[in-house]
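What follows is the content of upload_35.csv, which has CSV, C-alpha atoms (C1' of nucleotides):
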chain,number,residue,atom,x,y,z
C,1189,MET,CA,0.0,0.0,0.0
C,1190,LEU,CA,2.6,2.5,1.2
C,1191,CYS,CA,4.7,2.2,-1.9
C,1192,TYR,CA,1.8,2.6,-4.3
C,1193,LEU,CA,1.0,5.9,-2.6
C,1194,LEU,CA,4.6,7.1,-2.7
C,1195,PHE,CA,5.1,6.4,-6.3
C,1196,MET,CA,1.7,6.7,-7.7
C,1197,LYS,CA,2.3,9.5,-10.2
C,1198,ASP,CA,5.6,8.1,-11.5
C,1199,PRO,CA,6.4,5.1,-13.6
C,1200,LYS,CA,7.5,2.2,-11.6
C,1201,PRO,CA,11.0,2.8,-10.1
C,1202,LYS,CA,13.8,0.7,-11.3
C,1203,LEU,CA,15.8,-1.4,-8.9
C,1204,VAL,CA,19.0,-3.2,-9.6
C,1205,ILE,CA,19.1,-6.3,-7.3
C,1206,ILE,CA,22.5,-7.8,-6.6
C,1207,ALA,CA,21.9,-11.0,-4.7
C,1208,GLY,CA,24.1,-14.1,-4.2
C,1209,PRO,CA,25.3,-16.3,-1.5
C,1210,THR,CA,27.5,-15.1,1.3
C,1211,ALA,CA,31.1,-14.4,0.3
C,1212,SER,CA,30.3,-14.3,-3.4
C,1213,GLY,CA,31.6,-10.8,-3.7
C,1214,LYS,CA,28.4,-8.7,-3.7
C,1215,THR,CA,29.8,-5.8,-1.7
C,1216,SER,CA,32.7,-4.9,-4.0
C,1217,LEU,CA,30.9,-5.5,-7.2
C,1218,ALA,CA,28.0,-3.4,-6.0
C,1219,VAL,CA,30.3,-0.5,-5.1
C,1220,GLU,CA,31.9,-0.7,-8.5
C,1221,MET,CA,28.5,-0.7,-10.3
C,1222,ALA,CA,27.2,2.1,-8.1
C,1223,HIS,CA,30.2,4.2,-9.2
C,1224,GLU,CA,29.6,3.5,-12.8
C,1225,PHE,CA,25.8,4.1,-12.8
C,1226,ASN,CA,25.6,6.9,-10.3
C,1227,GLY,CA,24.0,4.8,-7.7
C,1228,GLU,CA,23.3,4.4,-4.0
C,1229,ILE,CA,23.2,1.1,-2.2
C,1230,ILE,CA,20.5,-0.3,-0.1
C,1231,ASN,CA,21.5,-3.3,2.1
C,1232,ALA,CA,19.4,-6.4,1.8
C,1233,ASP,CA,21.1,-8.4,4.5
C,1234,SER,CA,19.1,-9.3,7.5
C,1235,MET,CA,22.1,-9.0,9.9
C,1236,GLN,CA,23.9,-5.9,8.6
C,1237,VAL,CA,21.0,-3.9,9.8
C,1238,TYR,CA,22.2,-4.3,13.4
C,1239,ARG,CA,24.5,-1.8,15.0
C,1240,TYR,CA,27.7,-3.0,16.7
C,1241,MET,CA,27.7,-6.2,14.7
C,1242,ASP,CA,30.3,-5.5,12.1
C,1243,ILE,CA,32.9,-8.2,11.9
C,1244,GLY,CA,30.6,-11.2,12.1
C,1245,THR,CA,28.1,-9.8,9.5
C,1246,ALA,CA,30.9,-8.8,7.1
C,1247,LYS,CA,29.4,-5.3,7.1
C,1248,PRO,CA,31.3,-3.2,4.5
C,1249,ALA,CA,33.6,-0.8,6.4
C,1250,ILE,CA,33.4,2.9,5.4
C,1251,SER,CA,36.7,2.4,3.5
C,1252,GLU,CA,35.1,-0.4,1.5
C,1253,ARG,CA,32.1,1.7,0.6
C,1254,GLY,CA,34.2,3.8,-1.8
C,1255,GLY,CA,32.2,6.9,-1.1
C,1256,ILE,CA,28.9,5.3,-2.1
C,1257,VAL,CA,26.0,6.1,0.2
C,1258,HIS,CA,24.7,2.9,1.9
C,1259,HIS,CA,21.2,2.6,3.4
C,1260,LEU,CA,19.7,0.1,5.8
C,1261,ILE,CA,22.9,-0.5,7.6
C,1262,ASP,CA,23.0,0.1,11.3
C,1263,VAL,CA,19.3,0.9,11.5
C,1264,ALA,CA,18.4,-1.4,14.5
C,1265,ASP,CA,19.8,-2.4,17.8
C,1266,PRO,CA,20.7,-6.0,18.3
C,1267,ASP,CA,17.7,-6.4,20.6
C,1268,ASP,CA,15.2,-4.7,18.3
C,1269,ASP,CA,12.4,-6.7,16.8
C,1270,PHE,CA,13.5,-6.5,13.2
C,1271,ASN,CA,11.8,-8.5,10.5
C,1272,ALA,CA,10.9,-8.6,6.8
C,1273,SER,CA,8.0,-6.2,7.2
C,1274,ARG,CA,10.1,-3.7,9.1
C,1275,TYR,CA,12.7,-4.0,6.4
C,1276,ARG,CA,10.2,-3.1,3.8
C,1277,GLU,CA,8.9,-0.1,5.8
C,1278,LEU,CA,12.4,1.4,6.0
C,1279,THR,CA,13.5,0.5,2.5
C,1280,ILE,CA,10.7,2.1,0.6
C,1281,PRO,CA,11.4,5.7,1.8
C,1282,ALA,CA,15.1,5.1,1.1
C,1283,ILE,CA,14.3,4.1,-2.4
C,1284,LYS,CA,12.1,7.1,-2.9
C,1285,GLY,CA,15.0,9.3,-1.7
C,1286,ILE,CA,17.4,7.8,-4.2
C,1287,ILE,CA,14.9,8.2,-7.1
C,1288,ASP,CA,14.3,11.8,-6.1
C,1289,ARG,CA,18.0,12.4,-6.2
C,1290,LYS,CA,17.9,10.9,-9.8
C,1291,LYS,CA,20.3,8.2,-8.8
C,1292,THR,CA,20.3,4.5,-9.5
C,1293,CYS,CA,19.1,2.2,-6.7
C,1294,PHE,CA,21.1,-0.9,-6.0
C,1295,ILE,CA,19.6,-3.5,-3.6
C,1296,VAL,CA,22.5,-5.6,-2.4
C,1297,GLY,CA,22.3,-8.6,-0.1
C,1298,GLY,CA,21.7,-12.3,0.5
C,1299,THR,CA,18.5,-12.4,2.4
C,1300,GLY,CA,16.1,-13.8,-0.1
C,1301,LEU,CA,13.0,-13.2,1.9
C,1302,TYR,CA,13.7,-9.5,2.4
C,1303,ILE,CA,14.3,-9.0,-1.3
C,1304,LYS,CA,11.1,-10.9,-2.1
C,1305,THR,CA,9.1,-8.9,0.4
C,1306,LEU,CA,10.4,-5.7,-1.1
C,1307,LEU,CA,9.6,-6.7,-4.6
C,1308,ASN,CA,6.4,-8.7,-4.2
C,1309,GLY,CA,4.9,-7.4,-0.9
C,1310,LEU,CA,3.7,-9.2,2.1
C,1311,MET,CA,0.2,-10.4,3.0
C,1312,GLU,CA,-2.1,-8.1,4.9
C,1313,CYS,CA,-1.9,-9.1,8.5
C,1314,PRO,CA,-1.8,-7.3,11.8
C,1315,ALA,CA,1.6,-7.0,13.5
C,1316,SER,CA,2.6,-10.1,15.4
C,1317,ASP,CA,1.3,-10.1,19.0
C,1318,PRO,CA,4.0,-11.2,21.5
C,1319,ASP,CA,1.4,-12.5,24.0
C,1320,VAL,CA,-0.2,-14.7,21.4
C,1321,ARG,CA,3.1,-15.9,20.2
C,1322,ASP,CA,4.4,-16.6,23.7
C,1323,GLU,CA,1.3,-18.5,24.5
C,1324,LEU,CA,1.6,-20.7,21.4
C,1325,PHE,CA,5.3,-21.2,22.0
C,1326,ASN,CA,4.6,-22.4,25.6
C,1327,GLU,CA,2.1,-24.8,24.2
C,1328,TYR,CA,4.7,-26.0,21.8
C,1329,ARG,CA,7.2,-26.6,24.5
C,1330,GLU,CA,4.7,-28.5,26.7
C,1331,LYS,CA,3.0,-30.5,24.0
C,1332,GLY,CA,5.2,-30.5,21.0
C,1333,SER,CA,4.8,-29.3,17.4
C,1334,PRO,CA,2.6,-32.2,16.2
C,1335,PHE,CA,0.0,-31.3,18.8
C,1336,LEU,CA,-0.2,-27.8,17.4
C,1337,HIS,CA,-0.2,-29.1,13.9
C,1338,GLU,CA,-3.3,-31.2,14.7
C,1339,ARG,CA,-5.1,-28.1,15.8
C,1340,LEU,CA,-4.0,-26.4,12.6
C,1341,MET,CA,-5.4,-29.4,10.7
C,1342,ARG,CA,-8.8,-28.7,12.2
C,1343,LEU,CA,-8.7,-24.9,11.8
C,1344,ASP,CA,-7.0,-24.6,8.4
C,1345,PRO,CA,-6.4,-27.9,6.7
C,1346,ALA,CA,-4.9,-26.2,3.6
C,1347,SER,CA,-2.1,-24.7,5.7
C,1348,ALA,CA,-1.6,-27.8,7.7
C,1349,GLY,CA,-1.1,-29.7,4.5
C,1350,ARG,CA,1.6,-27.3,3.3
C,1351,ILE,CA,3.5,-27.0,6.6
C,1352,HIS,CA,5.4,-30.0,8.0
C,1353,PRO,CA,4.4,-30.9,11.6
C,1354,ASN,CA,7.9,-30.5,12.8
C,1355,ASP,CA,8.2,-27.0,11.4
C,1356,ARG,CA,7.4,-25.2,14.6
C,1357,THR,CA,8.1,-21.7,13.4
C,1358,ARG,CA,5.5,-22.0,10.7
C,1359,VAL,CA,3.0,-24.0,12.6
C,1360,ILE,CA,3.0,-21.4,15.3
C,1361,ARG,CA,2.9,-18.5,12.8
C,1362,ALA,CA,-0.2,-20.0,11.0
C,1363,LEU,CA,-2.0,-20.5,14.3
C,1364,GLU,CA,-1.1,-17.0,15.3
C,1365,ILE,CA,-2.5,-15.5,12.2
C,1366,ILE,CA,-5.7,-17.4,12.6
C,1367,ARG,CA,-6.0,-16.1,16.1
C,1368,LEU,CA,-5.3,-12.5,15.1
C,1369,THR,CA,-7.4,-12.3,12.0
C,1370,ASP,CA,-10.1,-14.9,12.5
C,1371,ARG,CA,-9.3,-16.1,9.0
C,1372,PRO,CA,-7.5,-19.2,7.8
C,1373,HIS,CA,-3.9,-18.5,7.1
C,1374,SER,CA,-4.1,-20.2,3.8
C,1375,SER,CA,-6.8,-17.9,2.4
C,1376,ILE,CA,-4.8,-14.8,3.3
C,1377,ILE,CA,-1.8,-16.2,1.6
C,1378,MET,CA,-3.8,-17.2,-1.5
C,1379,GLU,CA,-5.3,-13.8,-1.7
C,1380,HIS,CA,-2.0,-12.1,-1.6
C,1381,GLY,CA,0.0,-14.5,-3.7
C,1382,PHE,CA,3.1,-12.3,-3.7
C,1383,ASN,CA,1.3,-10.4,-6.5
C,1384,GLU,CA,2.4,-6.8,-5.7
C,1385,ARG,CA,4.8,-5.4,-8.3
C,1386,PRO,CA,5.6,-1.9,-7.2
C,1387,PHE,CA,9.0,-1.9,-8.9
C,1388,LEU,CA,10.8,-2.8,-12.0
C,1389,ALA,CA,13.6,-5.0,-11.0
C,1390,LEU,CA,16.7,-6.4,-12.6
C,1391,LYS,CA,17.7,-9.4,-10.6
C,1392,ILE,CA,21.3,-10.4,-10.7
C,1393,CYS,CA,22.6,-13.3,-8.7
C,1394,LEU,CA,26.4,-13.7,-8.3
C,1395,ASN,CA,27.4,-17.1,-9.3
C,1396,VAL,CA,30.8,-18.4,-8.1
C,1397,GLY,CA,31.6,-22.0,-8.5
C,1398,ARG,CA,30.8,-24.1,-5.5
C,1399,GLU,CA,34.4,-25.0,-4.7
C,1400,ARG,CA,35.6,-21.4,-5.0
C,1401,LEU,CA,32.8,-20.1,-3.0
C,1402,TYR,CA,33.5,-22.6,-0.2
C,1403,ASP,CA,37.2,-21.6,-0.3
C,1404,ARG,CA,36.2,-18.0,0.1
C,1405,ILE,CA,33.9,-18.8,3.0
C,1406,ASN,CA,36.6,-20.8,4.7
C,1407,ASP,CA,39.1,-17.9,4.4
C,1408,ARG,CA,36.6,-15.3,5.4
C,1409,SER,CA,35.6,-17.3,8.5
C,1410,ARG,CA,39.1,-17.5,9.7
C,1411,HIS,CA,39.7,-13.8,9.0
C,1412,MET,CA,36.7,-12.8,11.0
C,1413,VAL,CA,38.1,-14.5,14.0
C,1414,GLU,CA,41.5,-13.0,13.4
C,1415,ALA,CA,39.9,-9.6,13.0
C,1416,GLY,CA,38.3,-9.8,16.5
C,1417,LEU,CA,35.0,-11.5,16.2
C,1418,ILE,CA,35.3,-12.9,19.7
C,1419,ASP,CA,36.0,-9.5,21.2
C,1420,GLU,CA,33.2,-8.0,19.3
C,1421,THR,CA,30.9,-10.6,20.7
C,1422,GLY,CA,32.2,-10.0,24.2
C,1423,ALA,CA,31.6,-6.3,23.8
C,1424,LEU,CA,28.0,-7.0,22.8
C,1425,LEU,CA,27.6,-9.0,26.0
C,1426,GLU,CA,29.1,-6.2,28.0
C,1427,LYS,CA,26.7,-3.8,26.4
C,1428,GLY,CA,24.0,-6.0,28.0
C,1429,TYR,CA,22.8,-7.8,24.9
C,1430,SER,CA,21.5,-11.2,25.8
C,1431,PRO,CA,23.0,-14.3,24.2
C,1432,GLU,CA,19.4,-15.4,23.7
C,1433,LEU,CA,18.7,-12.7,21.1
C,1434,LYS,CA,18.2,-13.9,17.6
C,1435,SER,CA,20.9,-11.5,16.4
C,1436,MET,CA,23.3,-13.1,18.8
C,1437,ASN,CA,22.4,-16.5,17.4
C,1438,SER,CA,23.4,-15.7,13.9
C,1439,LEU,CA,26.5,-17.0,12.2
C,1440,GLY,CA,29.7,-16.0,13.8
C,1441,TYR,CA,28.1,-14.7,17.0
C,1442,ARG,CA,26.7,-17.9,18.1
C,1443,HIS,CA,30.0,-19.6,17.4
C,1444,ALA,CA,31.9,-17.0,19.4
C,1445,LEU,CA,29.4,-17.4,22.3
C,1446,ALA,CA,30.1,-21.1,22.2
C,1447,PHE,CA,33.8,-20.4,22.4
C,1448,LEU,CA,33.3,-17.9,25.3
C,1449,ARG,CA,31.2,-20.5,27.2
C,1450,LYS,CA,34.1,-23.0,26.6
C,1451,GLU,CA,31.8,-25.4,24.7
C,1452,LEU,CA,34.2,-25.3,21.8
C,1453,ASN,CA,37.9,-24.6,21.5
C,1454,LEU,CA,39.1,-22.1,19.0
C,1455,ASP,CA,39.8,-24.6,16.2
C,1456,ALA,CA,36.5,-26.4,16.7
C,1457,MET,CA,34.7,-23.1,16.7
C,1458,ILE,CA,36.3,-22.0,13.5
C,1459,SER,CA,35.5,-25.2,11.7
C,1460,ARG,CA,31.9,-25.1,12.9
C,1461,LEU,CA,31.6,-21.5,11.7
C,1462,LYS,CA,33.0,-22.5,8.3
C,1463,GLN,CA,30.6,-25.4,8.0
C,1464,ASP,CA,27.5,-23.5,9.1
C,1465,THR,CA,28.4,-20.7,6.7
C,1466,ARG,CA,28.8,-23.2,3.9
C,1467,ARG,CA,25.4,-24.6,4.6
C,1468,TYR,CA,23.9,-21.1,4.8
C,1469,ALA,CA,25.3,-20.4,1.4
C,1470,LYS,CA,23.8,-23.5,0.1
C,1471,ARG,CA,20.4,-22.5,1.4
C,1472,GLN,CA,20.7,-19.1,-0.2
C,1473,LEU,CA,21.5,-20.7,-3.5
C,1474,THR,CA,18.5,-22.9,-3.2
C,1475,TRP,CA,16.4,-19.8,-2.6
C,1476,PHE,CA,17.7,-17.9,-5.6
C,1477,ARG,CA,17.6,-20.9,-7.9
C,1478,ALA,CA,13.9,-21.0,-7.3
C,1479,ASP,CA,13.5,-17.5,-8.8
C,1480,ASP,CA,13.3,-17.8,-12.5
C,1481,GLU,CA,13.7,-14.1,-13.0
C,1482,MET,CA,17.2,-14.3,-11.7
C,1483,ILE,CA,20.1,-13.6,-14.0
C,1484,TRP,CA,23.2,-15.6,-13.0
C,1485,ALA,CA,26.5,-13.8,-13.4
C,1486,ASP,CA,30.1,-14.4,-12.6
C,1487,PRO,CA,31.5,-11.5,-10.6
C,1488,GLN,CA,34.8,-12.1,-12.3
C,1489,ASN,CA,33.1,-11.0,-15.5
C,1490,PRO,CA,31.7,-7.6,-14.6
C,1491,GLY,CA,31.4,-6.6,-18.2
C,1492,LEU,CA,28.4,-8.8,-18.6
C,1493,ILE,CA,26.8,-7.4,-15.5
C,1494,ARG,CA,27.6,-3.9,-16.6
C,1495,SER,CA,25.8,-4.4,-20.0
C,1496,GLU,CA,22.8,-6.0,-18.3
C,1497,ILE,CA,22.4,-3.0,-16.0
C,1498,GLN,CA,23.0,-0.6,-19.0
C,1499,GLY,CA,20.2,-2.3,-20.9
C,1500,PHE,CA,17.9,-2.3,-18.0
C,1501,LEU,CA,18.3,1.4,-17.2
C,1502,ASP,CA,17.9,2.6,-20.8
P,149,G,C1',59.7,-64.0,11.7
P,150,G,C1',55.7,-65.8,15.6
P,151,C,C1',50.9,-65.0,18.0
P,152,G,C1',46.4,-62.4,18.6
P,153,G,C1',42.7,-58.7,17.0
P,154,C,C1',40.3,-55.8,13.2
P,155,A,C1',38.7,-55.0,7.9
P,156,U,C1',30.8,-52.8,6.2
P,157,A,C1',29.3,-45.7,2.2
P,158,G,C1',33.7,-39.7,2.5
P,159,C,C1',33.9,-40.6,8.3
P,160,C,C1',31.9,-43.2,12.8
P,161,A,C1',29.2,-47.6,13.1
P,162,A,C1',25.0,-51.7,14.0
P,163,G,C1',24.6,-56.5,12.2
P,164,U,C1',27.2,-63.1,14.8
P,165,G,C1',23.5,-68.1,8.7
P,166,G,C1',17.4,-66.7,6.1
P,167,C,C1',12.4,-61.2,4.0
P,168,U,C1',14.7,-55.8,-0.4
P,169,A,C1',22.4,-54.3,4.5
P,170,A,C1',20.2,-50.2,11.2
P,171,G,C1',21.6,-45.5,12.8
P,172,G,C1',24.7,-41.0,13.3
P,173,C,C1',27.9,-37.3,11.0
P,174,A,C1',29.6,-35.0,6.6
P,175,G,C1',27.9,-34.1,1.6
P,176,C,C1',23.9,-33.2,-1.9
P,177,G,C1',18.8,-31.7,-3.2
P,178,G,C1',14.5,-29.1,-1.7
P,179,U,C1',10.7,-26.0,1.3
P,180,C,C1',10.0,-20.9,2.7
P,181,U,C1',4.2,-14.8,3.0
P,182,G,C1',6.1,-10.3,9.6
P,183,C,C1',12.1,-14.7,14.0
P,184,A,C1',14.9,-16.1,7.4
P,185,A,C1',22.5,-15.9,9.1
P,186,A,C1',16.1,-18.7,11.4
P,187,A,C1',12.9,-23.0,11.2
P,188,C,C1',12.2,-27.4,8.5
P,189,C,C1',12.0,-31.7,4.8
P,190,G,C1',14.1,-35.3,1.5
P,191,U,C1',18.3,-38.3,0.0
P,192,U,C1',23.3,-41.4,-0.1
P,193,A,C1',26.3,-49.3,-0.2
P,194,U,C1',22.6,-54.3,-6.3
P,195,U,C1',26.8,-54.9,-1.6
P,196,C,C1',30.1,-55.8,3.3
P,197,G,C1',39.1,-55.7,1.7
P,198,C,C1',40.4,-59.8,-2.2
P,199,C,C1',40.1,-65.1,-3.9
P,200,G,C1',38.1,-69.8,-3.1
P,201,G,C1',35.1,-73.3,-0.1
P,202,U,C1',30.8,-75.2,3.1
P,203,U,C1',25.3,-74.6,2.8
P,204,C,C1',18.8,-74.7,-0.2
P,205,A,C1',20.7,-69.8,1.9
P,206,A,C1',27.1,-66.1,4.0
P,207,G,C1',28.5,-59.4,5.7
P,208,U,C1',27.7,-63.4,9.2
P,209,C,C1',30.9,-70.2,9.1
P,210,C,C1',35.9,-72.4,7.0
P,211,G,C1',40.8,-71.8,4.3
P,212,G,C1',44.2,-68.7,1.7
P,213,C,C1',45.9,-63.8,0.4
P,214,U,C1',46.3,-58.4,1.3
P,215,G,C1',46.2,-54.2,4.6
P,216,C,C1',46.0,-52.0,9.5
P,217,C,C1',46.7,-52.4,14.9
P,218,G,C1',48.7,-54.7,19.3
P,219,C,C1',51.9,-58.1,21.8
P,220,C,C1',56.3,-61.3,21.5
P,221,U,C1',61.2,-62.5,19.2

Represent the supplied structure as structure tokens.
Amino acid sequence: MLCYLLFMKDPKPKLVIIAGPTASGKTSLAVEMAHEFNGEIINADSMQVYRYMDIGTAKPAISERGGIVHHLIDVADPDDDFNASRYRELTIPAIKGIIDRKKTCFIVGGTGLYIKTLLNGLMECPASDPDVRDELFNEYREKGSPFLHERLMRLDPASAGRIHPNDRTRVIRALEIIRLTDRPHSSIIMEHGFNERPFLALKICLNVGRERLYDRINDRSRHMVEAGLIDETGALLEKGYSPELKSMNSLGYRHALAFLRKELNLDAMISRLKQDTRRYAKRQLTWFRADDEMIWADPQNPGLIRSEIQGFLD
RNA sequence: GGCGGCAUAGCCAAGUGGCUAAGGCAGCGGUCUGCAAAACCGUUAUUCGCCGGUUCAAGUCCGGCUGCCGCCU
């Protein structure tokens, strides 16, 4: 809704999306392209939005930003309730600002859901209610996910059919929506169908061979630790951020916490970090592969990417 | 050189004569509508180191060979 109002009188704004798995080289390529096409960058990474989390999120340092304005970085505290909807709320005005300045808008990051939410909208639904969610979560803890799934089966068989009984996050979410809206989750989803198209998007996914990608991930993981990931995590604890926070349970931080708790020694911690990051990259690739609008490009061949962008902007 | 033990998927490993060879890890593939760096799901041995034998039937018993480990000389 919001975006339709903002852009009503103009043609659809153009967005250059640079997606790709972690460590595929999005940051430096995006800065290069932003220079060439007079652009600004909007972050599409669910963790770089948090302040004080720099090393573990591979947040581009000021020196790496090459003078390009970056948005949606450091916009939340680690204990803020940040999510896809909030991302969209903050991103749309940022896009409007860039368009008003007659600059090119680059959306750069690896969080598939955030990109999809921005491009295709999100179903109409009241904000999540912490009380309802807590209540459902307690029920989950006492009786298990299959118990809740049976209830979902009665209230909304279509959603129950789509959601695996063990998938507690989605079982709880579906029940929460039913409680909040008095409508079946599945009918709201069907009605929405990710059908909003407020923007014209060129979607580029950086494609690095699996082996090279994994090498890069392994190197970067080690570098993060050498660059002070553990100290950064300790500083977050000292600031009073709980190790229970979801931001603190992201890649890198949860590993550093395990090390600080002496659950893992340094070597074990690093190899776990590498492994979990490789798996994350795999999941990202699965997500982007499912998007048939995605243009796959090798970052080592920026000429191709450049001409795609050129064609799109003309 | 002698004696003993062990050899089952990339790794760990169950199986001790009888339907189509447990399980875990790693890997790979997938799902995803307000926690997404999350939460989930699926999948991997026509074959048990090699050769021969016993048996209606062998990963399972017997013999030989090869390799590894331990002990002895």

Please identify every residue of chain C that has at least one atom no more than 7 Å from any atom of chain P, counting all atoms listed in the file, and report them as a PDB file with C-alpha atoms, in the coordinates of the input.
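result_7.pdb written:
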ATOM      1  CA  MET C1235      22.100  -9.000   9.900  1.00  0.00           C
ATOM      2  CA  ASN C1271      11.800  -8.500  10.500  1.00  0.00           C
ATOM      3  CA  ALA C1272      10.900  -8.600   6.800  1.00  0.00           C
ATOM      4  CA  SER C1273       8.000  -6.200   7.200  1.00  0.00           C
ATOM      5  CA  LEU C1301      13.000 -13.200   1.900  1.00  0.00           C
ATOM      6  CA  LEU C1310       3.700  -9.200   2.100  1.00  0.00           C
ATOM      7  CA  MET C1311       0.200 -10.400   3.000  1.00  0.00           C
ATOM      8  CA  ALA C1315       1.600  -7.000  13.500  1.00  0.00           C
ATOM      9  CA  SER C1316       2.600 -10.100  15.400  1.00  0.00           C
ATOM     10  CA  ASN C1354       7.900 -30.500  12.800  1.00  0.00           C
ATOM     11  CA  ASP C1355       8.200 -27.000  11.400  1.00  0.00           C
ATOM     12  CA  ARG C1356       7.400 -25.200  14.600  1.00  0.00           C
ATOM     13  CA  THR C1357       8.100 -21.700  13.400  1.00  0.00           C
ATOM     14  CA  ILE C1377      -1.800 -16.200   1.600  1.00  0.00           C
ATOM     15  CA  SER C1438      23.400 -15.700  13.900  1.00  0.00           C
ATOM     16  CA  LEU C1439      26.500 -17.000  12.200  1.00  0.00           C
ATOM     17  CA  TYR C1468      23.900 -21.100   4.800  1.00  0.00           C
TER      18      TYR C1468
END

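When the distance limit is 12 Å and all atoms listed in the file are what count, the residues near P:U221, minus those fewer than 6 positions from it on the same chain, are G149, G150 and C151 of chain P.
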
Residues just named, written with C-alpha atoms (C1' of nucleotides) as a PDB file, keeping the file's coordinate frame:
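This is the output file selection-v2.pdb:
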ATOM      1  C1'   G P 149      59.700 -64.000  11.700  1.00  0.00           C
ATOM      2  C1'   G P 150      55.700 -65.800  15.600  1.00  0.00           C
ATOM      3  C1'   C P 151      50.900 -65.000  18.000  1.00  0.00           C
TER       4        C P 151
END

task = Do a neighbour search on stretch 165-173 of chain P at 7 Å with all atoms listed in the file, toss out local chain neighbours closer than 6 positions, and write the hits as a list in words.
result = A205, A206 and U208 of chain P

task = Please tell me which residues are no farther than 8 Å from (9.0, -6.4, -6.5) in the file, counting all atoms listed in the file, and write them as a PyMOL selection string.
result = chain C and resi 1303-1309+1384-1389

Using only C-alpha atoms, please write the residues we just selected to a file, as a compact mmCIF listing (two decimals), keeping the file's coordinate frame.
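Full text of part_3.txt as output:
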# COMPACT_ATOMS: atom_id res chain seq x y z
CA ILE C 1303 14.30 -9.00 -1.30
CA LYS C 1304 11.10 -10.90 -2.10
CA THR C 1305 9.10 -8.90 0.40
CA LEU C 1306 10.40 -5.70 -1.10
CA LEU C 1307 9.60 -6.70 -4.60
CA ASN C 1308 6.40 -8.70 -4.20
CA GLY C 1309 4.90 -7.40 -0.90
CA GLU C 1384 2.40 -6.80 -5.70
CA ARG C 1385 4.80 -5.40 -8.30
CA PRO C 1386 5.60 -1.90 -7.20
CA PHE C 1387 9.00 -1.90 -8.90
CA LEU C 1388 10.80 -2.80 -12.00
CA ALA C 1389 13.60 -5.00 -11.00

request  = Have a look at atom CA of C:Ile1243 and atom CA of C:Gly1416 and let me know their distance in Å, one decimal.
outcome  = 7.3 Å

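Of note, atom CA of C:Gly1300 and atom CA of C:Ile1250 are spaced 24.7 Å apart.
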
Taking all atoms of stretch 1268-1279 of chain C that appear in the file, build a box with edges along x, y and z, extend it by 5 Å on every side, and state its centre and edge lengths in Å to one decimal, as JSON.
{"center_x": 11.6, "center_y": -3.6, "center_z": 10.4, "size_x": 17.2, "size_y": 20.0, "size_z": 25.8}

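Take atom CA of C:Ala1362 and atom CA of C:Glu1330: the distance between them is 18.5 Å.
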
inquiry  = Just checking: using only C-alpha atoms (C1' of nucleotides), which residue out of P:G207, P:G201, P:C219, P:G212 ends up closest to P:A162?
reply    = P:G207

inquiry  = Using all atoms listed in the file, list the residues that have an atom at most 12 Å from (28.8, -2.9, -19.1), coordinates as in the file, as a list in words.
reply    = Glu1220, Met1221, Glu1224, Phe1225, Asn1489, Pro1490, Gly1491, Leu1492, Ile1493, Arg1494, Ser1495, Glu1496, Ile1497, Gln1498, Gly1499, Phe1500 and Leu1501 of chain C

request  = Tell me which of C:Pro1318, C:Pro1201, C:Pro1209, C:Pro1281 sits closest to C:Thr1299, counting only C-alpha atoms.
outcome  = C:Pro1209

key: Top pick for closest residue to C:Arg1408, considering C:Thr1210, C:Ile1261, C:Asp1269, C:Leu1394 and counting all atoms listed in the file   = C:Thr1210

key: C:Ile1392, C:Ile1283, C:Ala1346, C:Ala1211 ranked by distance to C:Pro1248, top pick (using only C-alpha atoms)   = C:Ala1211

inquiry  = I'd like to know which of P:U164, P:C210, P:U156, P:C216 is closest to P:U195, using all atoms listed in the file.
reply    = P:U156

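Distances from C:Glu1312, C:Glu1364, C:Glu1228, C:Asp1407 to C:Glu1379 were compared using only C-alpha atoms, and the smallest one belongs to C:Glu1312.
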
Is there a way to complete stretch 1226-1233 of chain C with N, CA and C atoms and then write that out as a CSV table (one decimal), in the coordinates of the input?
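Saved to result.csv:
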chain,number,residue,atom,x,y,z
C,1226,ASN,N,26.1,5.9,-11.1
C,1226,ASN,CA,25.6,6.9,-10.3
C,1226,ASN,C,24.6,6.4,-9.3
C,1227,GLY,N,25.0,5.4,-8.5
C,1227,GLY,CA,24.0,4.8,-7.7
C,1227,GLY,C,24.2,4.9,-6.2
C,1228,GLU,N,23.2,4.5,-5.4
C,1228,GLU,CA,23.3,4.4,-4.0
C,1228,GLU,C,22.9,2.9,-3.7
C,1229,ILE,N,23.4,2.5,-2.6
C,1229,ILE,CA,23.2,1.1,-2.2
C,1229,ILE,C,22.3,0.9,-1.0
C,1230,ILE,N,21.3,0.0,-1.2
C,1230,ILE,CA,20.5,-0.3,-0.1
C,1230,ILE,C,20.8,-1.8,0.3
C,1231,ASN,N,21.1,-1.9,1.6
C,1231,ASN,CA,21.5,-3.3,2.1
C,1231,ASN,C,20.3,-4.2,2.1
C,1232,ALA,N,20.5,-5.4,1.7
C,1232,ALA,CA,19.4,-6.4,1.8
C,1232,ALA,C,19.9,-7.7,2.5
C,1233,ASP,N,20.6,-7.4,3.6
C,1233,ASP,CA,21.1,-8.4,4.5
C,1233,ASP,C,20.5,-8.3,5.9
